[in-house]
$ cat structure_8.tsv   # TSV, C-alpha atoms and all ligand atoms
chain	number	residue	atom	x	y	z
U	1451	MET	CA	0.00	0.00	0.00
U	1452	THR	CA	2.53	2.60	-1.05
U	1453	GLU	CA	0.99	4.13	-4.15
U	1454	PRO	CA	-2.30	5.77	-5.12
U	1455	THR	CA	-4.44	3.11	-6.72
U	1456	THR	CA	-5.21	3.52	-10.41
U	1457	ASP	CA	-7.47	0.55	-10.95
U	1458	GLN	CA	-10.62	1.65	-9.18
U	1459	THR	CA	-14.01	0.66	-10.46
U	1460	THR	CA	-15.44	3.47	-12.53
U	1461	ASP	CA	-18.78	1.94	-13.50
U	1462	ASN	CA	-20.78	2.25	-10.29
U	1463	PRO	CA	-24.13	3.64	-11.46
U	1464	PHE	CA	-24.70	5.59	-8.25
U	1465	TRP	CA	-21.46	7.58	-8.47
U	1466	SER	CA	-21.35	10.93	-10.18
U	1467	PRO	CA	-18.97	11.03	-13.15
U	1468	ALA	CA	-16.78	13.40	-11.11
U	1469	VAL	CA	-16.28	10.78	-8.38
U	1470	ALA	CA	-15.74	7.96	-10.87
U	1471	ARG	CA	-12.81	9.90	-12.33
U	1472	LEU	CA	-10.95	10.40	-9.03
U	1473	HIS	CA	-7.74	8.62	-7.97
U	1474	PRO	CA	-7.65	9.40	-4.23
U	1475	TYR	CA	-4.46	9.75	-2.26
U	1476	VAL	CA	-3.35	6.61	-0.42
U	1477	PRO	CA	-1.34	7.40	2.72
U	1478	GLY	CA	1.61	5.34	3.95
U	1479	GLU	CA	0.74	2.08	5.68
U	1480	GLN	CA	-0.67	2.46	9.20
U	1481	PRO	CA	-0.36	-1.05	10.71
U	1482	LYS	CA	-3.14	-2.09	13.13
U	1483	THR	CA	-0.61	-2.68	15.85
U	1484	THR	CA	2.79	-1.07	16.17
U	1485	ALA	CA	3.91	-3.44	18.92
U	1486	ARG	CA	7.30	-4.89	17.95
U	1487	LEU	CA	7.30	-2.73	14.83
U	1488	ILE	CA	9.72	0.13	14.20
U	1489	LYS	CA	7.55	2.50	12.23
U	1490	LEU	CA	9.61	4.91	10.13
U	1491	ASN	CA	7.28	5.32	7.15
U	1492	THR	CA	4.98	8.31	7.69
U	1493	ASN	CA	7.20	10.97	9.30
U	1494	GLU	CA	5.48	10.94	12.66
U	1495	ASN	CA	7.34	12.29	15.67
U	1496	PRO	CA	8.73	9.44	17.80
U	1497	TYR	CA	8.05	11.27	21.08
U	1498	PRO	CA	4.78	12.02	22.90
U	1499	PRO	CA	3.46	15.60	22.50
U	1500	SER	CA	4.05	18.46	24.93
U	1501	PRO	CA	3.00	17.59	28.53
U	1502	LYS	CA	0.87	20.76	28.44
U	1503	ALA	CA	-1.10	19.36	25.51
U	1504	GLN	CA	-1.40	16.02	27.32
U	1505	ALA	CA	-2.68	17.78	30.46
U	1506	VAL	CA	-5.62	19.21	28.49
U	1507	LEU	CA	-6.70	15.69	27.57
U	1508	GLN	CA	-6.47	14.57	31.19
U	1509	ASP	CA	-8.80	17.34	32.42
U	1510	PRO	CA	-11.90	15.56	33.84
U	1511	GLN	CA	-14.07	18.47	32.64
U	1512	LEU	CA	-13.12	17.88	29.03
U	1513	PRO	CA	-15.95	15.48	28.07
U	1514	SER	CA	-18.61	17.85	29.42
U	1515	HIS	CA	-17.56	20.47	26.84
U	1516	LEU	CA	-18.62	18.12	24.07
U	1517	ARG	CA	-22.29	18.98	24.64
U	1518	LEU	CA	-21.67	22.36	23.03
U	1519	TYR	CA	-20.62	23.29	19.52
U	1520	PRO	CA	-17.01	24.47	19.37
U	1521	ASP	CA	-15.99	28.04	18.62
U	1522	PRO	CA	-16.52	28.23	14.84
U	1523	GLU	CA	-13.77	30.84	14.59
U	1524	SER	CA	-11.21	28.90	16.70
U	1525	THR	CA	-10.37	32.30	18.15
U	1526	GLU	CA	-8.17	31.22	21.04
U	1527	LEU	CA	-6.15	28.87	18.86
U	1528	ARG	CA	-5.72	31.42	16.06
U	1529	THR	CA	-4.73	34.13	18.55
U	1530	THR	CA	-2.15	31.79	20.11
U	1531	ILE	CA	-0.71	30.87	16.70
U	1532	ALA	CA	-0.62	34.52	15.60
U	1533	ALA	CA	1.23	35.53	18.78
U	1534	GLN	CA	3.97	32.96	18.10
U	1535	PHE	CA	4.78	34.59	14.77
U	1536	GLY	CA	4.09	38.28	15.45
U	1537	LEU	CA	0.95	38.20	13.29
U	1538	GLN	CA	-2.73	39.09	13.84
U	1539	ALA	CA	-5.47	36.49	14.34
U	1540	GLU	CA	-7.02	37.58	10.97
U	1541	GLN	CA	-3.85	36.27	9.34
U	1542	VAL	CA	-4.43	32.72	10.57
U	1543	PHE	CA	-6.68	30.00	9.16
U	1544	VAL	CA	-6.99	26.61	10.88
U	1545	GLY	CA	-8.16	23.26	9.53
U	1546	ASN	CA	-8.25	19.50	10.16
U	1547	GLY	CA	-4.62	18.83	9.37
U	1548	SER	CA	-2.72	20.72	6.72
U	1549	ASP	CA	-4.19	18.38	4.11
U	1550	GLU	CA	-7.56	20.03	4.67
U	1551	VAL	CA	-6.01	23.51	4.78
U	1552	LEU	CA	-4.36	22.73	1.44
U	1553	ALA	CA	-7.67	21.47	0.00
U	1554	HIS	CA	-9.25	24.84	0.85
U	1555	ALA	CA	-6.27	26.68	-0.65
U	1556	PHE	CA	-6.56	24.74	-3.91
U	1557	TYR	CA	-10.28	25.49	-4.01
U	1558	SER	CA	-9.93	29.17	-3.09
U	1559	PHE	CA	-6.90	30.18	-5.15
U	1560	PHE	CA	-6.00	27.62	-7.80
U	1561	GLN	CA	-9.36	26.60	-9.27
U	1562	ARG	CA	-8.85	28.51	-12.51
U	1563	PRO	CA	-8.34	27.73	-16.18
U	1564	GLU	CA	-4.58	28.38	-15.91
U	1565	PRO	CA	-2.21	25.57	-14.81
U	1566	LEU	CA	-0.84	25.21	-11.29
U	1567	LEU	CA	2.95	24.85	-11.12
U	1568	PHE	CA	4.70	22.41	-8.80
U	1569	PRO	CA	7.74	20.09	-8.87
U	1570	ASP	CA	7.45	16.72	-10.61
U	1571	ILE	CA	8.73	15.03	-7.45
U	1572	THR	CA	6.76	16.36	-4.51
U	1573	TYR	CA	3.93	15.73	-2.07
U	1574	SER	CA	1.57	13.41	-3.92
U	1575	PHE	CA	-1.57	15.08	-2.59
U	1576	TYR	CA	-1.08	18.02	-4.99
U	1577	PRO	CA	-2.00	16.12	-8.18
U	1578	VAL	CA	-4.93	14.55	-6.30
U	1579	TYR	CA	-6.36	17.99	-5.43
U	1580	CYS	CA	-5.78	19.12	-9.00
U	1581	GLU	CA	-7.88	16.19	-10.19
U	1582	LEU	CA	-10.55	16.83	-7.56
U	1583	TYR	CA	-10.94	20.49	-8.50
U	1584	GLY	CA	-10.33	20.15	-12.23
U	1585	ILE	CA	-7.07	22.12	-12.11
U	1586	GLU	CA	-4.42	21.54	-14.77
U	1587	ALA	CA	-1.16	20.43	-13.12
U	1588	ARG	CA	2.05	21.67	-14.79
U	1589	THR	CA	4.90	19.79	-13.15
U	1590	LEU	CA	8.46	21.05	-13.45
U	1591	PRO	CA	11.41	18.66	-13.18
U	1592	LEU	CA	13.75	18.86	-10.23
U	1593	ARG	CA	17.44	19.20	-11.02
U	1594	GLU	CA	19.69	16.13	-10.99
U	1595	ASP	CA	20.49	16.78	-7.30
U	1596	PHE	CA	16.73	17.03	-6.53
U	1597	SER	CA	16.86	20.80	-5.96
U	1598	ILE	CA	14.08	23.04	-7.28
U	1599	ALA	CA	15.09	25.18	-10.31
U	1600	VAL	CA	13.17	28.37	-9.53
U	1601	ALA	CA	13.89	29.98	-12.92
U	1602	ASP	CA	11.80	27.23	-14.56
U	1603	TYR	CA	8.74	28.64	-12.81
U	1604	ALA	CA	8.84	31.80	-14.96
U	1605	ILE	CA	5.85	30.61	-16.96
U	1606	ASP	CA	3.40	33.17	-18.29
U	1607	GLY	CA	-0.23	32.65	-17.42
U	1608	ALA	CA	0.26	30.29	-14.48
U	1609	GLY	CA	-2.64	29.91	-12.03
U	1610	GLY	CA	-0.34	29.72	-9.01
U	1611	VAL	CA	2.55	27.82	-7.48
U	1612	ILE	CA	2.79	25.31	-4.65
U	1613	ILE	CA	5.97	23.81	-3.22
U	1614	PRO	CA	6.76	22.10	0.04
U	1615	ASN	CA	9.80	23.55	1.79
U	1616	PRO	CA	11.64	21.37	2.61
U	1617	ASN	CA	10.38	19.28	-0.27
U	1618	ALA	CA	8.83	15.86	0.30
U	1619	PRO	CA	9.97	13.15	-0.10
U	1620	THR	CA	13.47	14.49	-0.78
U	1621	GLY	CA	13.92	16.65	2.36
U	1622	ARG	CA	15.72	19.30	0.30
U	1623	TYR	CA	15.40	22.91	1.46
U	1624	LEU	CA	14.97	25.96	-0.77
U	1625	PRO	CA	16.57	29.14	0.68
U	1626	LEU	CA	14.27	32.09	1.35
U	1627	ALA	CA	15.95	34.23	-1.33
U	1628	GLU	CA	14.70	31.73	-3.91
U	1629	ILE	CA	11.21	31.66	-2.38
U	1630	GLU	CA	11.21	35.44	-2.86
U	1631	GLN	CA	12.10	34.97	-6.51
U	1632	LEU	CA	9.09	32.67	-6.90
U	1633	LEU	CA	6.84	35.24	-5.23
U	1634	LYS	CA	8.09	37.94	-7.59
U	1635	LEU	CA	7.55	35.76	-10.67
U	1636	HIS	CA	3.80	35.53	-10.01
U	1637	PRO	CA	2.72	38.65	-8.12
U	1638	GLU	CA	-0.90	38.25	-9.27
U	1639	ARG	CA	-1.21	34.63	-8.19
U	1640	VAL	CA	-0.95	32.82	-4.87
U	1641	VAL	CA	2.27	31.00	-4.03
U	1642	VAL	CA	1.73	28.37	-1.33
U	1643	ILE	CA	4.77	27.30	0.67
U	1644	ASP	CA	3.89	24.06	2.45
U	1645	GLU	CA	6.17	24.09	5.49
U	1646	ALA	CA	5.11	20.77	7.05
U	1647	TYR	CA	8.75	20.04	8.00
U	1648	ILE	CA	10.20	23.55	8.43
U	1649	ASP	CA	10.83	23.27	12.19
U	1650	PHE	CA	13.52	20.65	11.62
U	1651	GLY	CA	16.10	23.11	10.38
U	1652	GLY	CA	14.88	25.57	7.75
U	1653	ASP	CA	14.01	29.29	7.89
U	1654	SER	CA	10.28	29.88	7.55
U	1655	ALA	CA	8.82	32.06	4.80
U	1656	ILE	CA	6.53	33.58	7.46
U	1657	ALA	CA	9.08	36.41	7.64
U	1658	LEU	CA	8.03	37.39	4.09
U	1659	ILE	CA	4.27	37.60	4.69
U	1660	ASP	CA	4.24	41.35	5.38
U	1661	ARG	CA	5.90	42.10	2.05
U	1662	TYR	CA	4.13	39.64	-0.24
U	1663	PRO	CA	0.33	39.75	-0.57
U	1664	ASN	CA	0.47	36.56	-2.66
U	1665	LEU	CA	2.22	34.37	-0.06
U	1666	LEU	CA	0.41	31.67	1.90
U	1667	VAL	CA	2.46	29.57	4.34
U	1668	VAL	CA	0.97	26.27	5.53
U	1669	HIS	CA	2.03	24.48	8.73
U	1670	THR	CA	0.97	21.31	10.52
U	1671	LEU	CA	0.99	20.09	14.12
U	1672	SER	CA	1.46	16.53	12.84
U	1673	LYS	CA	5.26	16.53	12.70
U	1674	SER	CA	7.20	18.89	14.98
U	1675	HIS	CA	4.36	19.04	17.56
U	1676	ALA	CA	3.91	15.24	17.61
U	1677	LEU	CA	0.14	15.53	17.11
U	1678	ALA	CA	-0.56	13.69	13.85
U	1679	GLY	CA	-3.58	12.00	15.45
U	1680	LEU	CA	-5.18	15.33	16.40
U	1681	ARG	CA	-5.47	16.56	12.79
U	1682	VAL	CA	-4.63	20.26	13.07
U	1683	GLY	CA	-2.92	22.42	10.49
U	1684	TYR	CA	-2.98	26.13	9.73
U	1685	ALA	CA	-2.27	28.70	7.05
U	1686	LEU	CA	-0.68	32.12	7.50
U	1687	GLY	CA	-0.90	35.01	5.10
U	1688	GLN	CA	-2.22	38.51	4.66
U	1689	ALA	CA	-5.84	38.89	5.84
U	1690	HIS	CA	-7.30	39.02	2.31
U	1691	LEU	CA	-6.02	35.49	1.58
U	1692	ILE	CA	-7.34	34.15	4.89
U	1693	GLU	CA	-10.72	35.67	4.06
U	1694	GLY	CA	-10.72	33.71	0.79
U	1695	LEU	CA	-10.03	30.48	2.68
U	1696	ASN	CA	-12.82	31.25	5.16
U	1697	ARG	CA	-15.31	31.66	2.33
U	1698	ALA	CA	-14.50	28.19	1.08
U	1699	LYS	CA	-14.38	26.66	4.57
U	1700	ASN	CA	-17.73	28.14	5.65
U	1701	SER	CA	-19.31	26.80	2.49
U	1702	PHE	CA	-18.27	23.25	3.44
U	1703	ASN	CA	-18.55	23.27	7.23
U	1704	SER	CA	-18.72	26.17	9.63
U	1705	TYR	CA	-17.15	24.12	12.46
U	1706	PRO	CA	-13.91	22.94	10.94
U	1707	ILE	CA	-11.87	22.07	14.04
U	1708	ASP	CA	-13.47	20.14	16.86
U	1709	GLY	CA	-13.50	21.58	20.37
U	1710	ILE	CA	-10.99	19.13	21.83
U	1711	ALA	CA	-8.54	19.71	18.99
U	1712	GLN	CA	-8.80	23.47	19.52
U	1713	LYS	CA	-7.88	23.15	23.20
U	1714	VAL	CA	-5.06	20.62	22.75
U	1715	ALA	CA	-3.56	22.51	19.82
U	1716	THR	CA	-3.67	25.81	21.73
U	1717	ALA	CA	-1.71	24.28	24.62
U	1718	ALA	CA	0.77	22.64	22.23
U	1719	ILE	CA	1.44	25.81	20.23
U	1720	ALA	CA	1.93	27.87	23.39
U	1721	ASP	CA	4.62	25.44	24.60
U	1722	ARG	CA	7.46	26.79	22.48
U	1723	THR	CA	10.16	25.40	24.79
U	1724	TRP	CA	8.94	21.84	24.24
U	1725	LEU	CA	8.92	22.38	20.46
U	1726	VAL	CA	12.48	23.70	20.35
U	1727	ASP	CA	13.81	20.86	22.53
U	1728	ASN	CA	11.94	18.20	20.58
U	1729	CYS	CA	13.20	19.44	17.22
U	1730	ALA	CA	16.78	19.65	18.50
U	1731	ARG	CA	16.52	16.03	19.61
U	1732	VAL	CA	15.14	14.84	16.26
U	1733	ILE	CA	17.77	16.85	14.34
U	1734	ALA	CA	20.61	15.37	16.44
U	1735	THR	CA	19.30	11.85	15.75
U	1736	ARG	CA	18.97	12.66	12.04
U	1737	GLU	CA	22.56	13.85	11.77
U	1738	ASP	CA	23.81	10.84	13.68
U	1739	THR	CA	21.83	8.44	11.48
U	1740	CYS	CA	23.08	10.14	8.30
U	1741	ALA	CA	26.68	9.75	9.46
U	1742	GLN	CA	26.18	6.04	10.15
U	1743	LEU	CA	24.34	5.33	6.89
U	1744	ASN	CA	27.00	7.28	4.99
U	1745	GLU	CA	29.60	4.96	6.47
U	1746	LEU	CA	27.63	2.01	5.12
U	1747	GLY	CA	27.78	3.58	1.66
U	1748	PHE	CA	24.32	5.14	1.41
U	1749	GLU	CA	23.92	8.22	-0.76
U	1750	ILE	CA	21.85	10.68	1.24
U	1751	ILE	CA	20.14	13.85	0.02
U	1752	PRO	CA	20.83	16.72	2.48
U	1753	SER	CA	17.75	16.92	4.71
U	1754	THR	CA	16.21	19.67	6.83
U	1755	ALA	CA	13.21	17.49	7.64
U	1756	ASN	CA	12.38	14.73	10.14
U	1757	PHE	CA	13.15	12.14	7.48
U	1758	ILE	CA	15.98	11.30	5.13
U	1759	PHE	CA	15.94	10.24	1.51
U	1760	ALA	CA	18.65	7.66	1.04
U	1761	LYS	CA	19.91	5.43	-1.75
U	1762	PRO	CA	21.36	2.14	-0.52
U	1763	PRO	CA	24.58	0.68	-1.87
U	1764	LYS	CA	24.79	-2.84	-3.37
U	1765	ILE	CA	21.06	-3.68	-3.45
U	1766	SER	CA	17.97	-1.96	-4.79
U	1767	ALA	CA	15.85	0.26	-2.57
U	1768	GLU	CA	12.94	-2.14	-3.04
U	1769	ASP	CA	14.97	-5.13	-1.87
U	1770	LEU	CA	16.19	-3.24	1.18
U	1771	PHE	CA	12.63	-2.08	1.89
U	1772	LEU	CA	11.47	-5.73	1.84
U	1773	ALA	CA	14.42	-6.94	3.93
U	1774	LEU	CA	13.73	-4.26	6.56
U	1775	ARG	CA	10.02	-5.15	6.54
U	1776	GLU	CA	10.95	-8.76	7.33
U	1777	ARG	CA	12.87	-7.42	10.31
U	1778	ASN	CA	9.80	-5.43	11.48
U	1779	ILE	CA	11.20	-2.09	10.35
U	1780	ILE	CA	8.89	-0.18	8.07
U	1781	VAL	CA	10.18	2.62	5.84
U	1782	ARG	CA	8.69	4.19	2.68
U	1783	TYR	CA	9.44	2.96	-0.81
U	1784	PHE	CA	8.04	4.82	-3.84
U	1785	ASN	CA	7.70	2.80	-7.02
U	1786	LYS	CA	7.99	5.88	-9.23
U	1787	PRO	CA	10.45	7.05	-11.88
U	1788	ARG	CA	13.67	8.62	-10.53
U	1789	ILE	CA	12.88	8.06	-6.86
U	1790	SER	CA	12.52	4.27	-6.87
U	1791	GLU	CA	16.24	4.02	-6.08
U	1792	TYR	CA	15.71	5.76	-2.74
U	1793	LEU	CA	14.00	5.01	0.56
U	1794	ARG	CA	12.38	7.68	2.70
U	1795	ILE	CA	13.22	6.96	6.31
U	1796	SER	CA	11.50	8.89	9.10
U	1797	ILE	CA	13.64	9.83	12.10
U	1798	GLY	CA	12.66	7.78	15.14
U	1799	THR	CA	14.23	7.57	18.58
U	1800	ASP	CA	17.99	6.92	18.91
U	1801	GLU	CA	17.21	3.29	19.74
U	1802	GLU	CA	14.98	2.86	16.70
U	1803	MET	CA	17.59	4.39	14.40
U	1804	ALA	CA	20.30	2.20	15.90
U	1805	ALA	CA	18.11	-0.83	15.10
U	1806	LEU	CA	17.64	0.46	11.54
U	1807	VAL	CA	21.39	0.93	11.02
U	1808	ALA	CA	22.10	-2.52	12.50
U	1809	ALA	CA	19.51	-4.10	10.17
U	1810	CYS	CA	21.02	-2.31	7.14
U	1811	ARG	CA	24.48	-3.51	8.15
U	1812	GLU	CA	23.19	-7.07	8.35
U	1813	VAL	CA	21.47	-6.91	4.94
U	1814	LEU	CA	24.13	-5.05	2.92
K	1901	LIG	N1	2.37	18.59	3.42
K	1901	LIG	C1	3.37	17.72	3.30
K	1901	LIG	C2	4.53	18.09	2.45
K	1901	LIG	C3	3.32	16.48	3.95
K	1901	LIG	O1	4.32	15.59	3.80
K	1901	LIG	C4	2.22	16.18	4.77
K	1901	LIG	C5	2.16	14.88	5.53
K	1901	LIG	N2	1.80	13.78	4.80
K	1901	LIG	C6	1.18	17.11	4.84
K	1901	LIG	C7	1.29	18.31	4.18
K	1901	LIG	C8	-0.09	16.83	5.60
K	1901	LIG	O2	0.05	16.78	6.96
K	1901	LIG	P1	-1.21	16.82	7.92
K	1901	LIG	O3	-2.47	16.68	7.07
K	1901	LIG	O4	-1.03	15.68	8.85
K	1901	LIG	O5	-1.18	18.14	8.58

$ encode --input "structure_8.tsv" --output "structure tokens"
Amino acid sequence: MTEPTTDQTTDNPFWSPAVARLHPYVPGEQPKTTARLIKLNTNENPYPPSPKAQAVLQDPQLPSHLRLYPDPESTELRTTIAAQFGLQAEQVFVGNGSDEVLAHAFYSFFQRPEPLLFPDITYSFYPVYCELYGIEARTLPLREDFSIAVADYAIDGAGGVIIPNPNAPTGRYLPLAEIEQLLKLHPERVVVIDEAYIDFGGDSAIALIDRYPNLLVVHTLSKSHALAGLRVGYALGQAHLIEGLNRAKNSFNSYPIDGIAQKVATAAIADRTWLVDNCARVIATREDTCAQLNELGFEIIPSTANFIFAKPPKISAEDLFLALRERNIIVRYFNKPRISEYLRISIGTDEEMAALVAACREVL
């Protein structure tokens, strides 16, 4: 279960033609039990979330709040997020994971006759949203070293641009000066910078929001905040962009984030100290793992994310993927052109990564 399926039934008489045409995104495998399994395939954080976020869940009063509808504006959460970045609450939009935030962004900004530009190797939800909303996808090849060639995005009549920074699944980071070039290339269209992994070493484009009315930055609590199960993500931009997202959101569902998620996310975002410590720990483990895999002969793309993209020596990535699976270590293999020689390995605890390195040593 590593790839979007392409062989779905299309002749169900009850489905609308629009649904019959879809090829939905298939996420990385989520095994029923993770006991005895080292799970390094979906870039989750290996540590529990901030104790302050955990304390919210342990509050005995919490269930009684469920009687009431949540705050449809998520005001406390948006105010807390805004304060972290020196922004106003009107510059923050929240949704059920950044996947949903991105869905609203595609709907609000990219649903146009002109093509949307994004890298050919990138987060595989982007082509899925293009299909869902009838947007033409114009993919631009990464360079040989997997870096993004910004000059290639100088395409007249584009409907917008979206890139993850760092990119997924490569982990490669694009410096802010180049993000600025992208923003200048398409001043009349929205440029979305999907910063799902930015806390693990890159500089955020949030610093550019004041100067660029076309910039939308998307973040998630799933990775650096260790809250993938909570499903909270957010977008930051000038207020006019956030208003566009709210129009779309309120047309689908006026209560986008549930009440428990609002409270837990607020506590997690406010705990900056925990975030900084956690990221430092993951980064240290990443660097250590890279050094050890390098010694074994792996070719590793420089990563500023909580995963690495690594090409094994001697055997194919698929064979190593299968050999690791037999040893109860699960990493991500993509059976796609150019990247099928690599494995994407999420950064786990030091113990988990030591087990991964030991297993690679045994197999290679
Ligand atoms: N963007 C990128 C680049 C990702 O890799 C992911 C995680 N699969 C997401 C967005 C979505 O994260 P979430 O919906 O958990 O916030």

$ closest_residue --input "structure_8.tsv" --among "U:Arg1528, U:Arg1736, U:Arg1777, U:Lys1489" --to "Ala1685 in chain U" --atoms "all atoms listed in the file"
U:Arg1528

$ closest_residue --input "structure_8.tsv" --among "U:Ile1795, U:Leu1725, U:Ala1809, U:Ala1773" --to "Ile1751 in chain U" --atoms "all atoms listed in the file"
U:Ile1795

$ axis_aligned_box --input "structure_8.tsv" --around "range 1515-1518 of chain U" --padding-each-side "6 Å" --output "JSON"
{"center_x": -19.9, "center_y": 20.2, "center_z": 24.9, "size_x": 16.7, "size_y": 16.2, "size_z": 15.8}

$ closest_residue --input "structure_8.tsv" --among "U:Gln1504, U:Ser1674, U:Gln1480, U:Asn1785" --to "Lys1713 in chain U" --atoms "all atoms listed in the file"
U:Gln1504

$ atom_distance --input "structure_8.tsv" --atom1 "CA of Glu1749 in chain U" --atom2 "CA of Pro1591 in chain U"
20.5 Å

$ residues_near_ligand --input "structure_8.tsv" --ligand "ligand LIG 1901 (chain K)" --cutoff "7 Å" --atoms "all atoms listed in the file" --output "number ranges by chain"
U: 1492, 1547-1550, 1573, 1614, 1617-1618, 1644-1646, 1670-1672, 1678, 1681-1683

$ residues_around --input "structure_8.tsv" --residues "Ala1655 in chain U" --least-positions-apart "4" --cutoff "12 Å" --atoms "all atoms listed in the file" --output "VMD selection string"
chain U and resid 1535 1613 to 1616 1623 to 1630 1632 to 1633 1641 to 1645 1648 to 1649 1659 to 1662 1665 to 1669 1685 to 1687

$ residues_near_point --input "structure_8.tsv" --point "(14.5, -5.2, 2.6)" --cutoff "12 Å" --atoms "all atoms listed in the file" --output "VMD selection string"
chain U and resid 1762 1765 to 1783 1793 1806 1809 to 1814

$ write_last_selection --input "structure_8.tsv" --atoms "C-alpha atoms" --output "compact mmCIF listing (two decimals), keeping the file's coordinate frame"
# COMPACT_ATOMS: atom_id res chain seq x y z
CA PRO U 1762 21.36 2.14 -0.52
CA ILE U 1765 21.06 -3.68 -3.45
CA SER U 1766 17.97 -1.96 -4.79
CA ALA U 1767 15.85 0.26 -2.57
CA GLU U 1768 12.94 -2.14 -3.04
CA ASP U 1769 14.97 -5.13 -1.87
CA LEU U 1770 16.19 -3.24 1.18
CA PHE U 1771 12.63 -2.08 1.89
CA LEU U 1772 11.47 -5.73 1.84
CA ALA U 1773 14.42 -6.94 3.93
CA LEU U 1774 13.73 -4.26 6.56
CA ARG U 1775 10.02 -5.15 6.54
CA GLU U 1776 10.95 -8.76 7.33
CA ARG U 1777 12.87 -7.42 10.31
CA ASN U 1778 9.80 -5.43 11.48
CA ILE U 1779 11.20 -2.09 10.35
CA ILE U 1780 8.89 -0.18 8.07
CA VAL U 1781 10.18 2.62 5.84
CA ARG U 1782 8.69 4.19 2.68
CA TYR U 1783 9.44 2.96 -0.81
CA LEU U 1793 14.00 5.01 0.56
CA LEU U 1806 17.64 0.46 11.54
CA ALA U 1809 19.51 -4.10 10.17
CA CYS U 1810 21.02 -2.31 7.14
CA ARG U 1811 24.48 -3.51 8.15
CA GLU U 1812 23.19 -7.07 8.35
CA VAL U 1813 21.47 -6.91 4.94
CA LEU U 1814 24.13 -5.05 2.92

$ residues_near_point --input "structure_8.tsv" --point "(-6.6, 24.5, 22.8)" --cutoff "12 Å" --atoms "all atoms listed in the file" --output "PDB file with C-alpha atoms, keeping the file's coordinate frame"
ATOM      1  CA  LYS U1502       0.870  20.760  28.440  1.00  0.00           C
ATOM      2  CA  ALA U1503      -1.100  19.360  25.510  1.00  0.00           C
ATOM      3  CA  GLN U1504      -1.400  16.020  27.320  1.00  0.00           C
ATOM      4  CA  ALA U1505      -2.680  17.780  30.460  1.00  0.00           C
ATOM      5  CA  VAL U1506      -5.620  19.210  28.490  1.00  0.00           C
ATOM      6  CA  LEU U1507      -6.700  15.690  27.570  1.00  0.00           C
ATOM      7  CA  LEU U1512     -13.120  17.880  29.030  1.00  0.00           C
ATOM      8  CA  PRO U1520     -17.010  24.470  19.370  1.00  0.00           C
ATOM      9  CA  ASP U1521     -15.990  28.040  18.620  1.00  0.00           C
ATOM     10  CA  SER U1524     -11.210  28.900  16.700  1.00  0.00           C
ATOM     11  CA  THR U1525     -10.370  32.300  18.150  1.00  0.00           C
ATOM     12  CA  GLU U1526      -8.170  31.220  21.040  1.00  0.00           C
ATOM     13  CA  LEU U1527      -6.150  28.870  18.860  1.00  0.00           C
ATOM     14  CA  ARG U1528      -5.720  31.420  16.060  1.00  0.00           C
ATOM     15  CA  THR U1529      -4.730  34.130  18.550  1.00  0.00           C
ATOM     16  CA  THR U1530      -2.150  31.790  20.110  1.00  0.00           C
ATOM     17  CA  ILE U1531      -0.710  30.870  16.700  1.00  0.00           C
ATOM     18  CA  LEU U1680      -5.180  15.330  16.400  1.00  0.00           C
ATOM     19  CA  VAL U1682      -4.630  20.260  13.070  1.00  0.00           C
ATOM     20  CA  ILE U1707     -11.870  22.070  14.040  1.00  0.00           C
ATOM     21  CA  ASP U1708     -13.470  20.140  16.860  1.00  0.00           C
ATOM     22  CA  GLY U1709     -13.500  21.580  20.370  1.00  0.00           C
ATOM     23  CA  ILE U1710     -10.990  19.130  21.830  1.00  0.00           C
ATOM     24  CA  ALA U1711      -8.540  19.710  18.990  1.00  0.00           C
ATOM     25  CA  GLN U1712      -8.800  23.470  19.520  1.00  0.00           C
ATOM     26  CA  LYS U1713      -7.880  23.150  23.200  1.00  0.00           C
ATOM     27  CA  VAL U1714      -5.060  20.620  22.750  1.00  0.00           C
ATOM     28  CA  ALA U1715      -3.560  22.510  19.820  1.00  0.00           C
ATOM     29  CA  THR U1716      -3.670  25.810  21.730  1.00  0.00           C
ATOM     30  CA  ALA U1717      -1.710  24.280  24.620  1.00  0.00           C
ATOM     31  CA  ALA U1718       0.770  22.640  22.230  1.00  0.00           C
ATOM     32  CA  ILE U1719       1.440  25.810  20.230  1.00  0.00           C
ATOM     33  CA  ALA U1720       1.930  27.870  23.390  1.00  0.00           C
ATOM     34  CA  ASP U1721       4.620  25.440  24.600  1.00  0.00           C
TER      35      ASP U1721
END

$ atom_distance --input "structure_8.tsv" --atom1 "CA of Glu1801 in chain U" --atom2 "CA of Gln1508 in chain U"
28.6 Å

$ atom_distance --input "structure_8.tsv" --atom1 "CA of Lys1699 in chain U" --atom2 "CA of Lys1673 in chain U"
23.5 Å

$ residues_around --input "structure_8.tsv" --residues "Val1726 in chain U" --least-positions-apart "3" --cutoff "10 Å" --atoms "only C-alpha atoms" --output "PyMOL selection string"
chain U and resi 1649-1650+1674-1675+1721-1723+1729-1731

$ residues_around --input "structure_8.tsv" --residues "range 1690-1698 of chain U" --least-positions-apart "5" --cutoff "9 Å" --atoms "all atoms listed in the file" --output "number ranges by chain"
U: 1540-1543, 1551, 1554-1555, 1557-1559, 1640, 1663-1666, 1685, 1703-1704

$ closest_residue --input "structure_8.tsv" --among "U:Asn1700, U:Asn1493, U:Gln1538, U:Gln1561" --to "Tyr1583 in chain U" --atoms "only C-alpha atoms"
U:Gln1561

$ residues_around --input "structure_8.tsv" --residues "range 1587-1589 of chain U" --least-positions-apart "2" --cutoff "6 Å" --atoms "all atoms listed in the file" --output "ChimeraX atom specification"
/U:1565-1570

$ closest_residue --input "structure_8.tsv" --among "U:Glu1745, U:Asp1738, U:Glu1523, U:Asp1602" --to "Pro1706 in chain U" --atoms "all atoms listed in the file"
U:Glu1523
